[in-house]
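*Asks:* What follows is a single structure, and I will ask about it in a moment.
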Amino acid sequence: MESWINLAEKSIVFFDIDGTLLTEEKKLPASTREAIFTLKEQGHEVAIATGRAPFMFEDIRNELEINTFVSYNGQFVVLNGEVIYTNPLNISSLEKLTEEALQKKHPIVFMDHEDMKANVPEHSYIRESIDTLKIEQFPTHDPDYYKDRDLYQTLLFCPEGEERYYESKYQDFDFIRWHPVSVDLLPKGGSKAKGIEKIVEKLGIPKEKQYAFGDGLNDIEMLRSISNSVAMGNGKEEVKVAAKYVTKSVEDDGILHGLRMLELL
């Protein structure tokens, strides 16, 4: 089906992955898949905005034929298959934090655009949290992986509340909890919203034609900054407050319902 929409009417829709495109069981609802292909057939841009690494959602990109994405919560941005923006971590500060985390028995997983490596051989926190993503790749052991390369995100593994110590001491980073025993460690001020800015600037799509769907704490800044933002019905309450609209849960055809509510479908 050929695109019928003209440039002035063209919109871009950003979708989070976990809890938004995918259910808790990491399944893609048939209604979501159909809705996304219909959006593209009508000429709209469709993109992903996720905290995941690029290698953690290649299968979803292939299935949905999406080549534009914001990964690592905004630190590694790709437009039509081309890297247009990167924002790596401060390695000097990361090295100091890693040394202190080891003393506190809080393991670390280093992440670049291609792989992830743990600074300890094995730890129950790493297994417990990574397993919830239901991905094939699991971090192997390489304590020196942070050296001589750009890292875009690091996972710090500690029980809830214990990240506050690091927040108070390491000002180069933002800490966003995504699991009871794991926190995303990002460059200070980095966010999905910042990554999205890089894409919409390149495409020249105005704010009133920008849309975003999300459910988690790392979606809040994105939902606040996008004019037409939608929180999933299964999302956290503070996420729903940040969004302009609230749709049904992902399991209840929430993406399809939300796109119809926005009159995009």
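Order determines the names: the first chain of the structure tokens is A, the second B, and so forth; residues in each chain are numbered 1 upward, and ligands are numbered 1 upward as they are shown.
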Hey, what's within 12 Å of Thr38 in chain A if we count only C-alpha atoms and toss same-chain stuff fewer than 2 positions away? As a PyMOL selection string, please?

*Replies:* chain A and resi 1-4+31-36+40-46+64+256+259-260+264-265

*Asks:* Suppose we keep C-alpha atoms; can you now write the selection as a PDB file, in the first residue's frame?

*Replies:*
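Saved file selection.pdb follows:
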```
ATOM      1  CA  MET A   1       0.000   0.000   0.000  1.00  0.00           C
ATOM      2  CA  GLU A   2       1.479   3.358  -1.021  1.00  0.00           C
ATOM      3  CA  SER A   3       1.830   6.204   1.445  1.00  0.00           C
ATOM      4  CA  TRP A   4      -0.958   8.716   0.911  1.00  0.00           C
ATOM      5  CA  SER A  31      -3.153  -5.759  17.356  1.00  0.00           C
ATOM      6  CA  THR A  32       0.021  -3.776  18.087  1.00  0.00           C
ATOM      7  CA  ARG A  33       1.871  -5.278  15.142  1.00  0.00           C
ATOM      8  CA  GLU A  34      -1.013  -4.548  12.803  1.00  0.00           C
ATOM      9  CA  ALA A  35      -1.403  -0.981  14.098  1.00  0.00           C
ATOM     10  CA  ILE A  36       2.268  -0.172  13.542  1.00  0.00           C
ATOM     11  CA  LYS A  40       3.707   3.181   8.290  1.00  0.00           C
ATOM     12  CA  GLU A  41       1.478   2.408   5.312  1.00  0.00           C
ATOM     13  CA  GLN A  42      -0.240   5.727   5.891  1.00  0.00           C
ATOM     14  CA  GLY A  43       3.123   7.495   5.661  1.00  0.00           C
ATOM     15  CA  HIS A  44       3.859   8.220   9.303  1.00  0.00           C
ATOM     16  CA  GLU A  45       7.306   7.740  10.832  1.00  0.00           C
ATOM     17  CA  VAL A  46       7.513   5.024  13.492  1.00  0.00           C
ATOM     18  CA  LEU A  64       8.306  -4.391  12.822  1.00  0.00           C
ATOM     19  CA  LEU A 256      -4.314   0.225  19.019  1.00  0.00           C
ATOM     20  CA  LEU A 259      -3.649   5.405  18.287  1.00  0.00           C
ATOM     21  CA  ARG A 260      -7.387   5.505  17.635  1.00  0.00           C
ATOM     22  CA  LEU A 264      -3.893   8.508  13.932  1.00  0.00           C
ATOM     23  CA  LEU A 265      -5.775   5.356  12.935  1.00  0.00           C
TER      24      LEU A 265
END
```

*Asks:* With a cut-off of 8 Å, could you pull out the residues of range 181-238 of chain A touching range 48-63 of chain A and give me the nearest pair of atoms for each, distance in Å to one decimal, using only C-alpha atoms, ordered by chain and ascending number, as CSV?

*Replies:*
```
residue,atom,partner,partner_atom,distance
A:Lys192,CA,A:Ala49,CA,6.3
A:Ile196,CA,A:Ala49,CA,7.7
A:Asn218,CA,A:Gly51,CA,7.4
```

*Asks:* May I have the residues within 12 Å of Glu95 in chain A as a ChimeraX atom specification, using only C-alpha atoms and disregarding those fewer than 4 positions away in the same chain?

*Replies:* /A:89-91,99-102,108,110,119,143-147,151,154,170

*Asks:* For Ala212 in chain A, which of A:Leu186, A:Val200, A:Val77, A:Ala47 is the closest residue, counting only C-alpha atoms?

*Replies:*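 Answer, going by the shortest atom-to-atom distance: A:Ala47.
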
*Asks:* Enumerate as JSON, numbers by chain all residues of range 5-120 of chain A assigned to helix (DSSP H, G or I) by DSSP on the backbone, naming them with the chain letters and numbers the document uses.

*Replies:* {"A": [7, 8, 9, 30, 31, 32, 33, 34, 35, 36, 37, 38, 39, 40, 41, 54, 55, 56, 58, 59, 60, 61, 62, 63, 64, 72, 73, 74, 91, 92, 93, 94, 95, 96, 97, 98, 99, 100, 101, 102, 103]}

*Asks:* A:Gln75, A:Ser182, A:Thr247, A:Thr98: which is nearest Met232 in chain A, counting only C-alpha atoms?

*Replies:*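 Under the stated criterion, the closest residue is A:Thr247.
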
*Asks:* Would you mind telling me which residue in A:Leu97, A:Leu217, A:Leu203, A:Ile255 lies nearest to Ser168 in chain A when using only C-alpha atoms?

*Replies:*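 Distance minimum relative to Ser168 in chain A lands on A:Leu97.
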
*Asks:* Based on the backbone DSSP call, show me all residues of range 12-257 of chain A assigned strand (DSSP E or B), as a PyMOL selection string.

*Replies:* chain A and resi 12-15+18+22+45-49+69-71+76-79+82-86+108-111+116-118+140-141+153-157+173-179+182-187+210-214+228-231+245-246

*Asks:* Which polymer residues have any atom within 12 Å of an atom of Leu223 in chain A, counting only C-alpha atoms, with same-chain residues fewer than 6 positions away left out, as a PyMOL selection string?

*Replies:* chain A and resi 13-16+49+191-194+196+210-217+229-232+238-246

*Asks:* Each residue of range 101-198 of chain A lying at most 12 Å from range 19-24 of chain A should get a row with its shortest atom-to-atom pair and the distance in Å to one decimal, counting only C-alpha atoms; could you produce that, ordered by chain and increasing number, as CSV?

*Replies:*
```
residue,atom,partner,partner_atom,distance
A:Thr132,CA,A:Glu24,CA,8.8
A:Leu133,CA,A:Glu24,CA,9.2
A:Lys134,CA,A:Glu24,CA,10.1
A:Trp178,CA,A:Gly19,CA,11.7
```

*Asks:* What separation in Å, quoted to one decimal, exists between CA of Tyr152 in chain A and CA of Ile12 in chain A?

*Replies:* 24.7 Å

*Asks:* One number please: CA of Pro139 in chain A to CA of Val120 in chain A, in Å, one decimal.

*Replies:* 10.0 Å

*Asks:* To one decimal place in Å, what is the distance between CA of Glu197 in chain A and CA of Ser93 in chain A?

*Replies:* 26.5 Å

*Asks:* List as a PyMOL selection string the protein and nucleic acid residues near His179 in chain A, meaning an atom at most 12 Å away when only C-alpha atoms are counted, but skip any in the same chain fewer than 6 places from it.

*Replies:* chain A and resi 125-133+155-161+216-218
